[in-house]
Amino acid sequence: MSKIFLDNPVLEDKIADARSLVAVELDASSKACVTCSFQAEDMVVLHLVRELAPGVPVLFLETGYHFQETYEYRDRMAADWQLNLINVEPEQSVADQEAQFGILNRTAPDRCCAMRKVGPLFASLEPYSTWFTGLRREQARTRANLQPSDVFTLPTGKQLQKVSPLADWTTRDVWQYAAAHNIPLLSLYDKGYSSIGCEPCTSLPSDPGDPRSGRWGGHKVECGIHLQGQ
C-alpha cells in the first residue's frame with residue numbers, strides 16, 4: 001500500500017476492499033472486461049484491474065461525438081499504458097445517422113444514446129462473464145443503490161457479473177488515488193467539467209452539488225446503460 005495514504009485510514013480500507021473485490025471477481029471470471037469513458041473513476045478502476053490483469057480488454061464507446069480532448073487523452077493513455085483498447089462503434093456513422101434521422105442528440109437524446117451507446121455496448125458485452133465499471137453511488141441519485149457486485153442481464157438474456165469496485169468512494173477518494181499513483185486525468189476537468197460524455201450533450205454543471213447536472217441539459221442523468229437494478 002502506498003505510504004501516501006497512511007494519514008487516511010478510511011481510504012486505505014476502501015482501496016484494500018476494492019483490490020480484494022477485483023481479485024475475487026477476476027479469479028471467478030472466465031473472461032473479464034473494463035468499460036472506460038476515460039473519466040477519472042474509470043481510470044482508477046482500470047489501474048486496479050490492470051494490477052492483476054494487464055491485458056484486460058478495455059471497451060470505449062466510440063460514439064463519434066466525444067470532445068477532441070477525450071480522443072487525445074484516450075490515445076495517449078492507450079499508448080502509455082499499452083491498453084488492450086477496443087473502440088465499440090455504432091452501426092451507423094454520425095454522418096449517416098444525421099442524414100437519416102437528423103441531429104437526434106437535440107431532438108431525441110434517448111434514441112441517440114440507444115443507437116450510439118446502449119445498443120453497441122450491450123452487444124459488445126456478450127462474450128464476457130465479468131464487467132468492471134467505474135460507477136459510484138455518489139455520482140447520481142439513480143446510482144444510490146449501486147452494489148459493488150451484482151448480476152446484470154443483457155437484452156438477449158445473457159447474464160454477467162457487473163462489478164463496481166468504487167461504489168462507496170467519494171470524488172475526493174478518486175482524485176487522491178489518482179494523484180498518489182501519478183495517473184494524469186482528462187484536461188476537461190481543469191475547465192470545470194465534472195461529468196464528461198459526448199460533447200453536444202455535456203456542459204459545465206448547473207448545480208455544484210450535482211456532478212451530472214451538466215449532462216443532457218439537465219433533462220436526464222443516465223444514457224440508459226446503467227438503469228437496470230438501480
# chains A, B, ... in the order shown; residues from 1 in each chain; ligands from 1
>>> residues_around(residues="His66 in chain A", least_positions_apart="2", cutoff="8 Å", atoms="only C-alpha atoms", output="MDAnalysis selection string")
chainID A and resid 62:64 68 70:71 197:199
>>> select_by_dssp(residues="range 82-149 of chain A", states="helix (DSSP H, G or I)", output="VMD selection string")
chain A and resid 94 to 101 104 to 107 109 to 125 137 to 139 141 to 143
>>> residues_around(residues="Val174 in chain A", least_positions_apart="2", cutoff="12 Å", atoms="only C-alpha atoms", output="number ranges by chain")
A: 11, 14-15, 39-45, 47-48, 134-136, 138-139, 165-172, 176-181, 183, 185
>>> residues_around(residues="Arg106 in chain A", least_positions_apart="2", cutoff="10 Å", atoms="only C-alpha atoms", output="number ranges by chain")
A: 102-104, 108-110, 112, 200-201, 216-217
>>> closest_residue(among="A:Ala95, A:Val22, A:Leu125, A:Leu160", to="Pro57 in chain A", atoms="only C-alpha atoms")
A:Leu125
>>> closest_residue(among="A:Tyr189, A:Gln159, A:Asp173, A:Lys117", to="Asp13 in chain A", atoms="only C-alpha atoms")
A:Asp173
>>> residues_around(residues="Lys191 in chain A", least_positions_apart="4", cutoff="12 Å", atoms="only C-alpha atoms", output="MDAnalysis selection string")
chainID A and resid 69 186:187 195:196 203:205
